>>> print(open('run_3.cif').read())   # mmCIF, C-alpha atoms
data_my_file
#
loop_
_atom_site.label_atom_id
_atom_site.label_comp_id
_atom_site.auth_asym_id
_atom_site.auth_seq_id
_atom_site.Cartn_x
_atom_site.Cartn_y
_atom_site.Cartn_z
CA MET A 1 -43.60 -24.39 -21.95
CA ASP A 2 -40.07 -24.40 -23.43
CA LYS A 3 -36.97 -23.08 -21.66
CA THR A 4 -36.93 -19.76 -23.56
CA THR A 5 -40.56 -19.04 -22.73
CA ARG A 6 -40.02 -19.97 -19.07
CA LEU A 7 -37.15 -17.47 -18.89
CA THR A 8 -39.28 -14.73 -20.47
CA VAL A 9 -42.13 -15.43 -18.05
CA LEU A 10 -39.66 -15.39 -15.17
CA THR A 11 -38.41 -12.00 -16.40
CA GLY A 12 -41.97 -10.62 -16.38
CA ILE A 13 -42.47 -11.94 -12.84
CA THR A 14 -39.12 -10.53 -11.64
CA ILE A 15 -39.78 -7.07 -13.11
CA GLY A 16 -43.33 -7.13 -11.72
CA ILE A 17 -42.24 -8.00 -8.18
CA SER A 18 -39.39 -5.45 -8.35
CA ALA A 19 -41.83 -2.76 -9.50
CA LEU A 20 -44.21 -3.53 -6.62
CA LEU A 21 -41.32 -3.40 -4.14
CA LEU A 22 -40.01 -0.10 -5.52
CA VAL A 23 -43.47 1.48 -5.16
CA ALA A 24 -43.78 0.06 -1.62
CA PHE A 25 -40.41 1.64 -0.76
CA GLY A 26 -41.09 5.07 -2.20
CA ASN A 27 -41.38 5.22 -5.99
CA PRO A 28 -44.53 6.97 -7.27
CA THR A 29 -47.75 4.95 -7.72
CA ASN A 30 -47.66 2.50 -10.65
CA MET A 31 -44.13 3.74 -11.35
CA GLY A 32 -41.95 1.01 -9.95
CA PHE A 33 -40.32 1.06 -13.35
CA CYS A 34 -40.96 3.51 -16.16
CA ILE A 35 -38.13 3.85 -18.61
CA ALA A 36 -39.59 7.00 -20.20
CA CYS A 37 -40.34 8.73 -16.87
CA PHE A 38 -36.96 7.78 -15.42
CA LEU A 39 -35.03 8.98 -18.47
CA ARG A 40 -37.05 12.21 -18.24
CA ASP A 41 -36.01 12.53 -14.58
CA ILE A 42 -32.37 11.93 -15.53
CA SER A 43 -32.75 14.58 -18.23
CA GLY A 44 -34.00 16.93 -15.50
CA SER A 45 -31.21 15.97 -13.10
CA LEU A 46 -28.75 17.14 -15.77
CA TYR A 47 -30.78 20.36 -16.07
CA LEU A 48 -31.67 19.65 -19.68
CA HIS A 49 -35.17 20.65 -18.63
CA ARG A 50 -36.26 22.75 -15.68
CA ALA A 51 -39.33 20.96 -14.34
CA SER A 52 -38.02 21.07 -10.77
CA SER A 53 -40.18 18.22 -9.50
CA LEU A 54 -38.78 15.90 -12.17
CA GLN A 55 -35.05 16.04 -11.49
CA TYR A 56 -33.65 12.85 -10.03
CA ALA A 57 -30.99 10.65 -11.61
CA ARG A 58 -32.98 7.42 -11.30
CA PRO A 59 -30.63 4.58 -10.32
CA GLU A 60 -33.04 2.08 -11.92
CA ILE A 61 -31.87 3.14 -15.39
CA PHE A 62 -28.20 2.78 -14.50
CA GLY A 63 -28.91 -0.57 -12.85
CA LEU A 64 -30.66 -1.98 -15.93
CA VAL A 65 -27.73 -0.99 -18.17
CA LEU A 66 -25.18 -2.34 -15.69
CA GLY A 67 -27.06 -5.61 -15.22
CA SER A 68 -27.05 -6.13 -18.96
CA PHE A 69 -23.37 -5.10 -19.19
CA ILE A 70 -22.30 -7.50 -16.42
CA ILE A 71 -24.19 -10.56 -17.65
CA SER A 72 -23.42 -10.02 -21.33
CA SER A 73 -19.70 -9.67 -20.50
CA PHE A 74 -19.85 -12.80 -18.33
CA LYS A 75 -21.66 -14.76 -21.06
CA LYS A 76 -19.31 -13.42 -23.76
CA GLU A 77 -22.21 -11.74 -25.57
CA PHE A 78 -20.89 -8.21 -25.08
CA LYS A 79 -20.00 -6.82 -28.48
CA ALA A 80 -19.40 -3.21 -29.48
CA THR A 81 -21.44 -2.52 -32.61
CA SER A 82 -22.89 0.53 -34.36
CA GLY A 83 -23.38 2.05 -37.78
CA SER A 84 -27.03 1.26 -38.35
CA SER A 85 -28.64 4.63 -39.13
CA GLY A 86 -27.56 6.36 -35.91
CA VAL A 87 -29.15 9.73 -36.67
CA ILE A 88 -32.47 8.18 -37.67
CA ARG A 89 -32.43 6.09 -34.50
CA PHE A 90 -31.77 9.26 -32.46
CA PHE A 91 -34.92 10.87 -33.84
CA LEU A 92 -37.00 7.71 -33.52
CA GLY A 93 -35.88 7.56 -29.86
CA PHE A 94 -36.81 11.22 -29.55
CA LEU A 95 -40.31 10.51 -30.92
CA MET A 96 -40.75 7.35 -28.87
CA MET A 97 -40.11 9.44 -25.76
CA SER A 98 -42.40 12.24 -26.95
CA GLY A 99 -45.28 9.80 -27.40
CA ALA A 100 -44.64 8.19 -24.03
CA LEU A 101 -44.69 11.58 -22.28
CA VAL A 102 -48.10 12.42 -23.76
CA PHE A 103 -49.55 9.22 -22.30
CA LEU A 104 -47.19 9.50 -19.29
CA GLY A 105 -45.59 6.12 -19.44
CA CYS A 106 -43.47 3.77 -21.50
CA PRO A 107 -44.93 0.39 -22.52
CA LEU A 108 -43.67 -1.09 -19.24
CA ARG A 109 -45.50 1.51 -17.18
CA MET A 110 -48.56 1.12 -19.38
CA VAL A 111 -48.79 -2.48 -18.15
CA LEU A 112 -48.07 -1.38 -14.56
CA ARG A 113 -50.86 1.21 -14.80
CA LEU A 114 -53.15 -1.44 -16.25
CA GLY A 115 -52.32 -3.73 -13.32
CA GLY A 116 -53.16 -0.89 -10.93
CA GLY A 117 -56.64 -0.49 -12.46
CA ASP A 118 -55.93 2.65 -14.52
CA GLY A 119 -58.43 2.39 -17.40
CA LYS A 120 -56.54 4.99 -19.49
CA ALA A 121 -53.94 2.29 -20.04
CA ILE A 122 -56.53 0.23 -21.95
CA PHE A 123 -56.68 2.97 -24.61
CA ALA A 124 -52.90 3.16 -24.55
CA LEU A 125 -52.63 -0.60 -25.11
CA VAL A 126 -55.00 -0.38 -28.09
CA GLY A 127 -52.87 2.39 -29.61
CA PHE A 128 -49.62 0.61 -28.81
CA THR A 129 -50.85 -2.56 -30.54
CA LEU A 130 -52.06 -0.61 -33.58
CA GLY A 131 -48.73 1.22 -33.83
CA ILE A 132 -46.80 -2.06 -33.73
CA ALA A 133 -49.16 -3.63 -36.29
CA PHE A 134 -48.51 -0.66 -38.57
CA GLY A 135 -44.76 -1.10 -38.00
CA CYS A 136 -45.05 -4.84 -38.79
CA TYR A 137 -46.62 -3.96 -42.13
CA PHE A 138 -43.54 -1.86 -42.95
CA LEU A 139 -41.18 -4.60 -41.73
CA ASN A 140 -42.94 -7.11 -43.98
CA GLN A 141 -42.50 -4.66 -46.85
CA GLY A 142 -38.76 -4.72 -46.25
CA PHE A 143 -38.16 -1.83 -43.85
CA THR A 144 -34.76 -1.97 -42.17
CA LEU A 145 -32.44 0.59 -40.66
CA GLY A 146 -29.51 -1.23 -42.23
CA ARG A 147 -26.73 -3.31 -40.81
CA SER A 148 -24.37 -2.46 -37.99
CA TYR A 149 -20.67 -3.23 -37.83
CA THR A 150 -18.30 -4.35 -35.13
CA GLN A 151 -16.50 -1.43 -33.52
CA LYS A 152 -13.62 -1.00 -31.11
CA LYS A 153 -14.58 -2.20 -27.64
CA GLU A 154 -14.47 1.33 -26.15
CA ASN A 155 -17.48 2.27 -28.27
CA GLY A 156 -19.52 -0.29 -26.39
CA THR A 157 -18.14 0.21 -22.89
CA ILE A 158 -18.45 4.01 -22.77
CA PHE A 159 -22.21 3.98 -22.20
CA PRO A 160 -22.15 1.59 -19.21
CA ILE A 161 -19.17 3.54 -17.79
CA ILE A 162 -21.08 6.83 -18.05
CA CYS A 163 -23.98 5.11 -16.26
CA ILE A 164 -21.66 4.07 -13.40
CA LEU A 165 -20.34 7.63 -13.19
CA LEU A 166 -23.84 9.12 -13.11
CA ALA A 167 -24.89 6.58 -10.45
CA PHE A 168 -21.98 7.78 -8.26
CA LEU A 169 -22.92 11.42 -8.82
CA CYS A 170 -26.52 10.61 -7.91
CA PHE A 171 -25.51 8.70 -4.78
CA PHE A 172 -23.41 11.61 -3.52
CA GLY A 173 -26.22 14.06 -4.32
CA LEU A 174 -24.18 15.92 -6.93
CA ILE A 175 -26.85 15.73 -9.62
CA GLY A 176 -30.60 16.01 -9.28
CA ILE A 177 -32.71 17.10 -6.36
CA ALA A 178 -33.55 13.70 -4.93
CA GLU A 179 -35.45 14.97 -1.91
CA GLU A 180 -38.07 16.71 -4.05
CA GLU A 181 -39.17 13.63 -5.91
CA ALA A 182 -40.68 10.40 -4.57
CA HIS A 183 -38.15 7.62 -4.88
CA ALA A 184 -37.13 4.33 -3.34
CA PRO A 185 -33.76 4.10 -1.51
CA PHE A 186 -30.78 4.38 -3.87
CA PHE A 187 -29.27 0.92 -3.33
CA LEU A 188 -32.62 -0.88 -3.42
CA SER A 189 -33.41 0.77 -6.78
CA LEU A 190 -29.95 0.05 -8.15
CA LEU A 191 -29.75 -3.60 -7.04
CA LEU A 192 -33.25 -4.55 -8.13
CA ALA A 193 -32.59 -2.93 -11.50
CA VAL A 194 -29.26 -4.77 -11.89
CA GLY A 195 -31.13 -8.04 -11.30
CA CYS A 196 -33.87 -7.08 -13.76
CA GLY A 197 -31.26 -5.97 -16.31
CA MET A 198 -29.48 -9.30 -16.06
CA ILE A 199 -32.55 -11.45 -16.57
CA ALA A 200 -33.95 -9.14 -19.27
CA GLN A 201 -30.66 -9.51 -21.16
CA ARG A 202 -30.82 -13.28 -21.01
CA SER A 203 -34.48 -13.51 -22.06
CA ARG A 204 -34.43 -10.61 -24.64
CA PHE A 205 -37.57 -9.32 -22.85
CA CYS A 206 -39.27 -6.64 -24.95
CA MET A 207 -42.72 -5.07 -24.74
CA VAL A 208 -42.74 -4.20 -28.46
CA GLY A 209 -41.32 -7.59 -29.37
CA GLY A 210 -44.12 -9.42 -27.55
CA ILE A 211 -46.82 -8.05 -29.82
CA ARG A 212 -44.59 -7.73 -32.91
CA ASP A 213 -43.40 -11.34 -32.89
CA TYR A 214 -46.96 -12.61 -32.51
CA ILE A 215 -48.14 -10.52 -35.47
CA LEU A 216 -45.16 -11.37 -37.69
CA PHE A 217 -44.40 -14.97 -36.75
CA ARG A 218 -47.21 -16.18 -34.45
CA ASP A 219 -44.49 -16.51 -31.80
CA ASN A 220 -45.93 -15.74 -28.37
CA HIS A 221 -42.96 -16.35 -26.07
CA LEU A 222 -42.14 -12.65 -25.55
CA PHE A 223 -45.82 -11.79 -25.24
CA LEU A 224 -46.18 -14.30 -22.40
CA GLY A 225 -43.44 -12.39 -20.58
CA SER A 226 -45.41 -9.12 -20.82
CA PHE A 227 -48.58 -10.95 -19.80
CA SER A 228 -46.93 -12.50 -16.75
CA LEU A 229 -45.75 -9.01 -15.76
CA PHE A 230 -49.35 -7.80 -15.92
CA VAL A 231 -50.68 -10.75 -13.89
CA VAL A 232 -48.05 -10.33 -11.14
CA VAL A 233 -48.66 -6.58 -10.84
CA LEU A 234 -52.44 -7.07 -10.84
CA ILE A 235 -52.32 -9.71 -8.09
CA GLY A 236 -49.74 -7.71 -6.13
CA ASN A 237 -51.79 -4.52 -6.28
CA ILE A 238 -54.97 -6.35 -5.19
CA ILE A 239 -53.15 -7.94 -2.22
CA LEU A 240 -51.50 -4.64 -1.23
CA GLY A 241 -54.79 -2.72 -1.59
CA ASN A 242 -53.37 -0.58 -4.41
CA PHE A 243 -55.82 -1.70 -7.10
CA HIS A 244 -58.26 1.15 -7.85
CA PHE A 245 -60.16 0.79 -11.10
CA SER A 246 -61.06 4.00 -12.90
CA ILE A 247 -61.82 4.79 -16.50
CA SER A 248 -62.63 7.97 -18.39
CA LEU A 249 -63.06 8.73 -22.07
CA SER A 250 -61.38 12.11 -21.66
CA ASN A 251 -58.34 12.38 -23.98
CA SER A 252 -58.67 8.68 -24.83
CA ILE A 253 -57.98 9.34 -28.53
CA TRP A 254 -54.69 11.01 -27.57
CA PHE A 255 -53.65 8.10 -25.40
CA ILE A 256 -54.37 5.82 -28.37
CA LEU A 257 -52.40 8.00 -30.80
CA SER A 258 -49.50 8.75 -28.47
CA MET A 259 -48.92 5.08 -27.71
CA ALA A 260 -49.41 4.26 -31.40
CA LEU A 261 -46.40 6.55 -31.94
CA VAL A 262 -44.46 4.61 -29.27
CA GLY A 263 -45.47 1.30 -30.85
CA LEU A 264 -44.64 2.39 -34.38
CA SER A 265 -41.29 3.97 -33.53
CA GLY A 266 -40.46 0.98 -31.30
CA ALA A 267 -41.27 -1.45 -34.11
CA LEU A 268 -39.07 0.50 -36.55
CA LEU A 269 -36.27 0.66 -33.96
CA GLY A 270 -36.54 -3.04 -33.15
CA GLY A 271 -37.40 -2.73 -29.47
CA CYS A 272 -39.14 -0.91 -26.62
CA PRO A 273 -37.35 1.62 -24.37
CA LEU A 274 -36.38 -1.12 -21.90
CA ARG A 275 -34.88 -3.25 -24.69
CA GLN A 276 -32.90 -0.24 -25.94
CA LEU A 277 -31.30 0.11 -22.48
CA ILE A 278 -30.48 -3.60 -22.34
CA LEU A 279 -28.95 -3.53 -25.83
CA ALA A 280 -26.96 -0.40 -24.93
CA GLY A 281 -25.55 -2.36 -21.97
CA GLU A 282 -24.52 -5.17 -24.35
CA GLY A 283 -22.38 -2.73 -26.34
CA ASN A 284 -24.91 -1.75 -29.00
CA GLY A 285 -23.96 1.83 -29.87
CA ASP A 286 -27.07 2.32 -32.02
CA SER A 287 -29.26 1.63 -28.99
CA ALA A 288 -27.12 3.97 -26.87
CA ILE A 289 -27.80 6.71 -29.45
CA THR A 290 -31.51 5.87 -29.25
CA VAL A 291 -31.39 6.31 -25.46
CA LEU A 292 -29.66 9.67 -25.91
CA GLY A 293 -32.42 10.63 -28.36
CA MET A 294 -34.96 9.71 -25.69
CA ILE A 295 -33.20 11.89 -23.07
CA VAL A 296 -33.14 14.87 -25.45
CA GLY A 297 -36.76 14.12 -26.45
CA ALA A 298 -37.79 14.27 -22.80
CA ALA A 299 -36.06 17.62 -22.34
CA ILE A 300 -37.66 19.19 -25.41
CA SER A 301 -41.07 17.75 -24.55
CA HIS A 302 -40.92 19.53 -21.20
CA ASN A 303 -39.24 22.73 -22.36
CA PHE A 304 -41.87 23.24 -25.07
CA GLY A 305 -44.89 22.14 -23.05
CA MET A 306 -45.55 19.00 -25.10
CA ALA A 307 -45.46 16.56 -22.15
CA SER A 308 -48.81 15.96 -20.48
CA SER A 309 -49.60 16.63 -16.84
CA PRO A 310 -51.56 13.96 -14.93
CA THR A 311 -54.77 15.85 -15.80
CA THR A 312 -54.12 17.51 -19.16
CA VAL A 313 -52.88 16.63 -22.63
CA THR A 314 -51.49 19.85 -24.12
CA ALA A 315 -52.27 21.19 -27.61
CA SER A 316 -48.57 21.14 -28.52
CA GLY A 317 -48.37 17.55 -27.31
CA LYS A 318 -51.22 16.61 -29.65
CA ILE A 319 -49.50 18.31 -32.58
CA GLU A 320 -46.24 16.56 -31.73
CA VAL A 321 -47.94 13.14 -31.77
CA ILE A 322 -49.49 13.77 -35.20
CA VAL A 323 -46.21 15.08 -36.60
CA GLY A 324 -44.39 12.09 -35.10
CA LEU A 325 -46.77 9.59 -36.69
CA ILE A 326 -46.41 11.31 -40.07
CA PHE A 327 -42.60 11.38 -39.72
CA CYS A 328 -42.40 7.65 -38.92
CA THR A 329 -44.76 6.75 -41.77
CA LEU A 330 -42.88 8.86 -44.32
CA LEU A 331 -39.55 7.52 -43.11
CA ALA A 332 -40.74 3.94 -43.53
CA ILE A 333 -42.20 4.61 -47.00
CA ILE A 334 -39.01 6.33 -48.21
CA VAL A 335 -36.73 3.57 -46.86
CA ILE A 336 -38.88 0.82 -48.42
CA TYR A 337 -39.14 2.69 -51.75
CA LYS A 338 -35.37 3.18 -51.94
CA GLN A 339 -34.69 -0.43 -51.08
CA LYS A 340 -37.09 -1.75 -53.69
CA LYS A 341 -35.49 0.59 -56.23
CA GLU A 342 -32.01 -0.70 -55.34
CA LEU A 343 -33.17 -4.31 -55.71
CA LYS A 344 -34.41 -3.56 -59.24
CA VAL A 345 -31.06 -2.06 -60.31
CA MET B 346 -29.70 -23.25 -52.26
CA ILE B 347 -31.17 -20.07 -50.80
CA GLU B 348 -28.67 -18.04 -48.81
CA VAL B 349 -29.66 -15.27 -46.41
CA ASP B 350 -27.07 -12.81 -45.16
CA ALA B 351 -28.49 -11.22 -41.99
CA ARG B 352 -25.17 -10.13 -40.46
CA GLY B 353 -25.32 -6.87 -38.57
CA LEU B 354 -29.09 -6.75 -38.66
CA SER B 355 -31.01 -6.37 -35.43
CA CYS B 356 -34.16 -8.26 -34.55
CA PRO B 357 -36.63 -8.93 -35.99
CA ILE B 358 -35.03 -8.35 -39.44
CA PRO B 359 -33.02 -11.64 -39.54
CA VAL B 360 -36.24 -13.58 -38.85
CA VAL B 361 -38.23 -11.51 -41.38
CA LYS B 362 -35.58 -12.30 -44.03
CA THR B 363 -35.64 -15.99 -43.07
CA LYS B 364 -39.44 -15.99 -43.25
CA LYS B 365 -39.28 -14.59 -46.80
CA ALA B 366 -36.62 -17.12 -47.81
CA LEU B 367 -38.68 -20.01 -46.46
CA SER B 368 -41.94 -18.80 -48.03
CA SER B 369 -41.12 -20.73 -51.22
CA LYS B 370 -40.68 -23.85 -49.04
CA PRO B 371 -37.11 -24.71 -50.16
CA ASP B 372 -35.61 -28.02 -49.03
CA GLU B 373 -32.52 -26.25 -47.75
CA ALA B 374 -31.42 -22.75 -46.85
CA THR B 375 -28.44 -21.10 -45.19
CA VAL B 376 -28.75 -18.11 -42.88
CA THR B 377 -25.74 -16.15 -41.62
CA VAL B 378 -26.11 -13.97 -38.52
CA ASP B 379 -23.60 -12.32 -36.20
CA ASN B 380 -25.28 -12.17 -32.82
CA ILE B 381 -26.68 -14.75 -30.44
CA ALA B 382 -30.17 -13.18 -30.18
CA ALA B 383 -30.57 -13.50 -33.96
CA LEU B 384 -29.19 -17.06 -33.83
CA GLU B 385 -31.79 -18.00 -31.21
CA ASN B 386 -34.66 -16.25 -32.99
CA VAL B 387 -33.94 -17.67 -36.45
CA THR B 388 -33.50 -21.14 -34.94
CA ARG B 389 -36.85 -20.91 -33.12
CA TYR B 390 -38.65 -19.68 -36.24
CA ALA B 391 -37.11 -22.30 -38.54
CA GLN B 392 -37.94 -25.09 -36.10
CA ALA B 393 -41.54 -23.85 -35.88
CA MET B 394 -41.62 -24.02 -39.71
CA LYS B 395 -40.53 -27.69 -39.48
CA TYR B 396 -36.92 -27.20 -40.50
CA GLU B 397 -34.04 -28.96 -38.85
CA VAL B 398 -31.39 -26.45 -37.80
CA GLN B 399 -27.66 -27.07 -37.60
CA SER B 400 -25.58 -24.09 -36.56
CA ARG B 401 -21.86 -23.49 -36.32
CA ALA B 402 -19.66 -20.55 -35.38
CA ASP B 403 -17.55 -19.01 -38.11
CA GLY B 404 -15.32 -16.35 -36.60
CA GLU B 405 -17.70 -13.69 -35.28
CA ASP B 406 -20.58 -15.09 -37.34
CA PHE B 407 -22.96 -18.00 -36.96
CA ILE B 408 -24.00 -20.05 -39.98
CA LEU B 409 -27.34 -21.84 -39.74
CA HIS B 410 -28.08 -24.66 -42.13
CA LEU B 411 -31.82 -25.28 -42.43
CA THR B 412 -33.10 -28.57 -43.83
CA LYS B 413 -36.76 -29.44 -44.34
CA LYS B 414 -37.85 -32.28 -42.02
#
>>> encode(input="run_3.cif", output="structure tokens")
Amino acid sequence: MDKTTRLTVLTGITIGISALLLVAFGNPTNMGFCIACFLRDISGSLYLHRASSLQYARPEIFGLVLGSFIISSFKKEFKATSGSSGVIRFFLGFLMMSGALVFLGCPLRMVLRLGGGDGKAIFALVGFTLGIAFGCYFLNQGFTLGRSYTQKKENGTIFPIICILLAFLCFFGLIGIAEEEAHAPFFLSLLLAVGCGMIAQRSRFCMVGGIRDYILFRDNHLFLGSFSLFVVVLIGNIILGNFHFSISLSNSIWFILSMALVGLSGALLGGCPLRQLILAGEGNGDSAITVLGMIVGAAISHNFGMASSPTTVTASGKIEVIVGLIFCTLLAIIVIYKQKKELKV
Amino acid sequence: MIEVDARGLSCPIPVVKTKKALSSKPDEATVTVDNIAALENVTRYAQAMKYEVQSRADGEDFILHLTKK
């Protein structure tokens, strides 16, 4: 195993252990980390949606961004960039969140749910893989959101600074209703996330990238990171008595399609929700815009009843997934068509 | 010599462009990127395709010179 793969595997293990600890100290079951759920909770803490049980400014998100910010600055990799189809990225982030809230979990939580014995995550994984494979087809055809450009440093530092500010507001109880939602202690969440953010920045850990790079280049180093995360969570849950296997066919097609939307939008964006946070911490303004799209997506998903409950997938959620898949497909076809046309000229 | 300009492009596009450039099995190719993740990814891919990689910094960019082993 080469050094890069070892680091990716170590990242999977670190995130897995951190997720188990966060659940042991108060985070909801199989939700040690869930980028989609936590961004949704932040959206609620800012009253962008009014689901009162989902309003807590999760320090894990701020910690991941800060970890990436600190280590990338230290390693001289921090670089303010943007200009690569910001508006399109906003809507792809929006759709990535919408899909995740129909399944109720980002790709990271999908693996955590799988490691806890939740059979619904098997359908989600099938859909996620299909979505990425579809995205890889478009990438091979020449899909790209275009190049970014170096910007003034403030463009890159503003997102981490806002995260620090929100973390302070959360700590002093000025945003969100922490006591109403299960959560681990503030500093434990923040510090574990800073550690995970640092190692994820170094290894370029990405749930979409793991499957995408294997399909495109037969490169499995990122996939081994995701796999090690699954193994650690599975073993941890068995030891802690939290492994409860269950499977049901109910709504399985919607879990497949919703995570296909996450996989497809993630492949077009170039990374999973976690990777977008890490990139935003490195100064990538396009990823910061994607994260903002995800926060707005979470709010609209809840305000218009498109997000699922633990027992029900809503009709509007189903429509949203179909529309999202069509949007991503059309977007990819149009971009590829225009690029091929430009090459001919 | 084939030249690939992948500056400003986020992963996996620099590697996809390199893959296309190397599909005709050229003896040499040059790839220009502007971030370390792309530098690492293109290097790993080129090495897996049996190319020797020599890279150097050029201002904010990195220039990779790929030579068939």
>>> resolve_selection(input="run_3.cif", expression="the PyMOL selection byres ((chain A) within 7 of (chain B))", output="list in words")
Asn140, Thr144, Gly146, Arg147, Ser148, Tyr149 and Gly270 of chain A
>>> write_last_selection(input="run_3.cif", atoms="C-alpha atoms", output="short mmCIF file (atom, residue, chain, number, x, y, z; two decimals), keeping the file's coordinate frame")
data_model
loop_
_atom_site.label_atom_id
_atom_site.label_comp_id
_atom_site.auth_asym_id
_atom_site.auth_seq_id
_atom_site.Cartn_x
_atom_site.Cartn_y
_atom_site.Cartn_z
CA ASN A 140 -42.94 -7.11 -43.98
CA THR A 144 -34.76 -1.97 -42.17
CA GLY A 146 -29.51 -1.23 -42.23
CA ARG A 147 -26.73 -3.31 -40.81
CA SER A 148 -24.37 -2.46 -37.99
CA TYR A 149 -20.67 -3.23 -37.83
CA GLY A 270 -36.54 -3.04 -33.15
#
>>> residues_near_point(input="run_3.cif", point="(-57.8, 0.6, -26.5)", cutoff="12 Å", atoms="all atoms listed in the file", output="list in words")
Met110, Leu114, Gly119, Lys120, Ala121, Ile122, Phe123, Ala124, Leu125, Val126, Gly127, Phe128, Thr129, Leu130, Gly131, Ile247, Ser248, Leu249, Ser252, Ile253, Trp254, Phe255, Ile256, Leu257, Ser258, Met259 and Ala260 of chain A
>>> residues_around(input="run_3.cif", residues="segment 296-304 of chain A", least_positions_apart="3", cutoff="9 Å", atoms="all atoms listed in the file", output="number ranges by chain")
A: 36-37, 39-41, 43-44, 47-51, 91, 93-98, 101-102, 291-293, 307-308, 316-317, 320
>>> residues_around(input="run_3.cif", residues="Phe327 of chain A", least_positions_apart="2", cutoff="10 Å", atoms="all atoms listed in the file", output="list in words")
Phe91, Leu92, Leu95, Leu261, Ser265, Val321, Ile322, Val323, Gly324, Leu325, Thr329, Leu330, Leu331, Ala332 and Ile333 of chain A
>>> residues_near_point(input="run_3.cif", point="(-32.7, -23.5, -52.7)", cutoff="6 Å", atoms="all atoms listed in the file", output="MDAnalysis selection string")
chainID B and resid 346:347 371 373
>>> resolve_selection(input="run_3.cif", expression="the PyMOL selection byres ((chain B and resi 372) around 12)", output="ChimeraX atom specification")
/B:346-347,366-371,373-375,394-397,410-414
>>> decode(input="run_3.cif", residues="segment 376-390 of chain B", atoms="N, CA and C atoms", output="short mmCIF file (atom, residue, chain, number, x, y, z; two decimals), in the first residue's frame")
data_model
loop_
_atom_site.label_atom_id
_atom_site.label_comp_id
_atom_site.auth_asym_id
_atom_site.auth_seq_id
_atom_site.Cartn_x
_atom_site.Cartn_y
_atom_site.Cartn_z
N VAL B 376 1.87 18.49 -19.12
CA VAL B 376 0.59 18.85 -18.50
C VAL B 376 0.84 20.01 -17.54
N THR B 377 0.05 21.07 -17.66
CA THR B 377 0.19 22.21 -16.74
C THR B 377 -1.04 22.27 -15.83
N VAL B 378 -0.80 22.30 -14.53
CA VAL B 378 -1.89 22.40 -13.55
C VAL B 378 -1.55 23.54 -12.60
N ASP B 379 -2.53 23.93 -11.76
CA ASP B 379 -2.22 25.03 -10.83
C ASP B 379 -2.63 24.73 -9.40
N ASN B 380 -2.81 23.45 -9.09
CA ASN B 380 -3.05 23.12 -7.68
C ASN B 380 -2.42 21.77 -7.36
N ILE B 381 -2.10 21.60 -6.08
CA ILE B 381 -1.31 20.43 -5.68
C ILE B 381 -2.11 19.13 -5.82
N ALA B 382 -3.43 19.20 -5.57
CA ALA B 382 -4.26 17.97 -5.71
C ALA B 382 -4.18 17.47 -7.16
N ALA B 383 -4.28 18.39 -8.11
CA ALA B 383 -4.20 18.00 -9.53
C ALA B 383 -2.80 17.47 -9.86
N LEU B 384 -1.78 18.12 -9.30
CA LEU B 384 -0.40 17.66 -9.51
C LEU B 384 -0.25 16.21 -9.04
N GLU B 385 -0.76 15.93 -7.84
CA GLU B 385 -0.66 14.57 -7.29
C GLU B 385 -1.44 13.57 -8.15
N ASN B 386 -2.67 13.97 -8.52
CA ASN B 386 -3.53 13.03 -9.25
C ASN B 386 -3.01 12.72 -10.65
N VAL B 387 -2.54 13.76 -11.35
CA VAL B 387 -1.99 13.54 -12.70
C VAL B 387 -0.72 12.69 -12.61
N THR B 388 0.11 12.98 -11.61
CA THR B 388 1.35 12.20 -11.42
C THR B 388 1.00 10.73 -11.20
N ARG B 389 0.05 10.47 -10.31
CA ARG B 389 -0.31 9.07 -10.00
C ARG B 389 -0.83 8.36 -11.24
N TYR B 390 -1.69 9.07 -12.01
CA TYR B 390 -2.26 8.44 -13.20
C TYR B 390 -1.17 8.16 -14.24
#
